[in-house]
$ cat input_1.cif   # mmCIF, C-alpha atoms
data_start
loop_
_atom_site.group_PDB
_atom_site.id
_atom_site.type_symbol
_atom_site.label_atom_id
_atom_site.label_comp_id
_atom_site.auth_asym_id
_atom_site.auth_seq_id
_atom_site.Cartn_x
_atom_site.Cartn_y
_atom_site.Cartn_z
ATOM 1 C CA MET A 110 93.243 86.280 144.421
ATOM 2 C CA ARG A 111 93.542 88.708 147.325
ATOM 3 C CA SER A 112 91.056 91.527 147.631
ATOM 4 C CA ASN A 113 92.240 95.119 147.458
ATOM 5 C CA VAL A 114 92.279 96.781 150.865
ATOM 6 C CA ILE A 115 91.306 100.440 151.290
ATOM 7 C CA ASP A 116 91.204 103.038 154.079
ATOM 8 C CA ILE A 117 88.118 105.156 154.752
ATOM 9 C CA ASP A 118 87.874 107.952 157.328
ATOM 10 C CA GLY A 119 84.639 108.434 159.220
ATOM 11 C CA ALA A 120 82.786 108.186 162.507
ATOM 12 C CA ILE A 121 81.672 105.230 164.592
ATOM 13 C CA GLU A 122 78.139 105.637 165.914
ATOM 14 C CA ALA A 123 77.891 102.337 167.787
ATOM 15 C CA ARG A 124 80.007 99.325 168.643
ATOM 16 C CA THR A 125 79.283 95.750 169.658
ATOM 17 C CA ASP A 126 81.611 92.847 170.392
ATOM 18 C CA LYS A 127 81.455 91.865 166.718
ATOM 19 C CA ALA A 128 80.809 95.009 164.656
ATOM 20 C CA VAL A 129 80.905 98.802 164.403
ATOM 21 C CA LEU A 130 78.271 101.124 162.946
ATOM 22 C CA PHE A 131 80.356 103.355 160.679
ATOM 23 C CA HIS A 132 79.584 106.328 158.423
ATOM 24 C CA THR A 133 81.524 108.849 156.377
ATOM 25 C CA GLY A 134 79.482 111.890 157.312
ATOM 26 C CA ASN A 135 75.837 110.973 156.808
ATOM 27 C CA LYS A 136 74.479 109.071 159.811
ATOM 28 C CA GLU A 137 71.520 107.867 157.738
ATOM 29 C CA GLU A 138 73.953 105.962 155.489
ATOM 30 C CA ALA A 139 75.794 104.285 158.370
ATOM 31 C CA ALA A 140 76.658 100.624 157.828
ATOM 32 C CA TRP A 141 77.463 97.790 160.215
ATOM 33 C CA LEU A 142 80.960 96.471 159.544
ATOM 34 C CA PRO A 143 82.112 93.158 161.044
ATOM 35 C CA LEU A 144 85.240 93.534 163.182
ATOM 36 C CA SER A 145 86.474 90.220 161.742
ATOM 37 C CA GLN A 146 86.823 91.942 158.329
ATOM 38 C CA ILE A 147 88.181 95.377 159.318
ATOM 39 C CA GLU A 148 90.812 97.230 161.321
ATOM 40 C CA VAL A 149 89.944 100.459 163.166
ATOM 41 C CA HIS A 150 92.586 103.127 163.847
ATOM 42 C CA GLU A 151 92.272 106.437 165.679
ATOM 43 C CA THR A 152 93.244 109.446 163.552
ATOM 44 C CA GLY A 153 94.009 111.766 166.449
ATOM 45 C CA ILE A 154 91.092 113.965 165.379
ATOM 46 C CA GLY A 155 88.231 113.750 167.859
ATOM 47 C CA GLY A 156 85.612 111.237 166.814
ATOM 48 C CA ILE A 157 87.238 110.421 163.458
ATOM 49 C CA PHE A 158 88.574 106.955 162.754
ATOM 50 C CA THR A 159 90.275 105.292 159.807
ATOM 51 C CA VAL A 160 88.753 101.932 158.911
ATOM 52 C CA THR A 161 90.847 99.560 156.806
ATOM 53 C CA LEU A 162 88.664 97.051 154.971
ATOM 54 C CA PRO A 163 88.445 94.987 151.796
ATOM 55 C CA GLU A 164 87.290 97.039 148.819
ATOM 56 C CA TRP A 165 84.451 94.561 148.111
ATOM 57 C CA LEU A 166 83.041 95.137 151.601
ATOM 58 C CA ALA A 167 83.181 98.929 151.228
ATOM 59 C CA ILE A 168 81.321 98.647 147.915
ATOM 60 C CA ASP A 169 78.807 96.171 149.351
ATOM 61 C CA LYS A 170 78.032 98.520 152.267
ATOM 62 C CA GLY A 171 77.782 101.611 150.038
ATOM 63 C CA LEU A 172 80.813 103.361 151.539
ATOM 64 C CA VAL A 173 82.509 103.977 148.164
#
$ encode --input "input_1.cif" --output "structure tokens"
Amino acid sequence: MRSNVIDIDGAIEARTDKAVLFHTGNKEEAAWLPLSQIEVHETGIGGIFTVTLPEWLAIDKGLV
């Protein structure tokens, strides 16, 4: 069974070769997301990105 995929808008505070530190407005709740599990898209709004990720990962990281 394939996981549901969702889009979340937010900011990226840090980036490594394997992950991004992403939050939806509260830097203290930022979560590391593995680049192998997500897609990152620019929104055209400065500093705001759309991250596409499996719903289970968003729940696991406290993003939804």
$ residues_near_point --input "input_1.cif" --point "(85.5, 104.5, 156.9)" --cutoff "8 Å" --atoms "only C-alpha atoms" --output "list in words"
Asp116, Ile117, Asp118, Gly119, Ala120, Phe131, His132, Thr133, Phe158, Thr159, Val160, Thr161 and Leu172 of chain A
$ atom_distance --input "input_1.cif" --atom1 "CA of Glu148 in chain A" --atom2 "CA of Asn135 in chain A"
20.8 Å
$ residues_around --input "input_1.cif" --residues "Leu144 in chain A" --least-positions-apart "5" --cutoff "9 Å" --atoms "all atoms listed in the file" --output "JSON, numbers by chain"
{"A": [126, 127, 128, 129, 149]}
$ residues_around --input "input_1.cif" --residues "Leu162 in chain A" --least-positions-apart "5" --cutoff "7 Å" --atoms "all atoms listed in the file" --output "PDB file with C-alpha atoms, in the coordinates of the input"
ATOM      1  CA  VAL A 114      92.279  96.781 150.865  1.00  0.00           C
ATOM      2  CA  ILE A 115      91.306 100.440 151.290  1.00  0.00           C
ATOM      3  CA  ASP A 116      91.204 103.038 154.079  1.00  0.00           C
ATOM      4  CA  GLN A 146      86.823  91.942 158.329  1.00  0.00           C
ATOM      5  CA  ILE A 147      88.181  95.377 159.318  1.00  0.00           C
ATOM      6  CA  GLU A 148      90.812  97.230 161.321  1.00  0.00           C
ATOM      7  CA  ALA A 167      83.181  98.929 151.228  1.00  0.00           C
TER       8      ALA A 167
END
$ atom_distance --input "input_1.cif" --atom1 "CA of Lys170 in chain A" --atom2 "CA of Ala140 in chain A"
6.1 Å
$ residues_around --input "input_1.cif" --residues "Leu130 in chain A" --least-positions-apart "5" --cutoff "10 Å" --atoms "only C-alpha atoms" --output "ChimeraX atom specification"
/A:120-125,136,138-143
$ atom_distance --input "input_1.cif" --atom1 "CA of Glu164 in chain A" --atom2 "CA of Thr152 in chain A"
20.2 Å
$ axis_aligned_box --input "input_1.cif" --around "range 117-135 of chain A" --padding-each-side "3 Å" --output "AutoDock Vina command-line options"
--center_x 82.0 --center_y 101.9 --center_z 162.6 --size_x 18.3 --size_y 26.0 --size_z 21.6
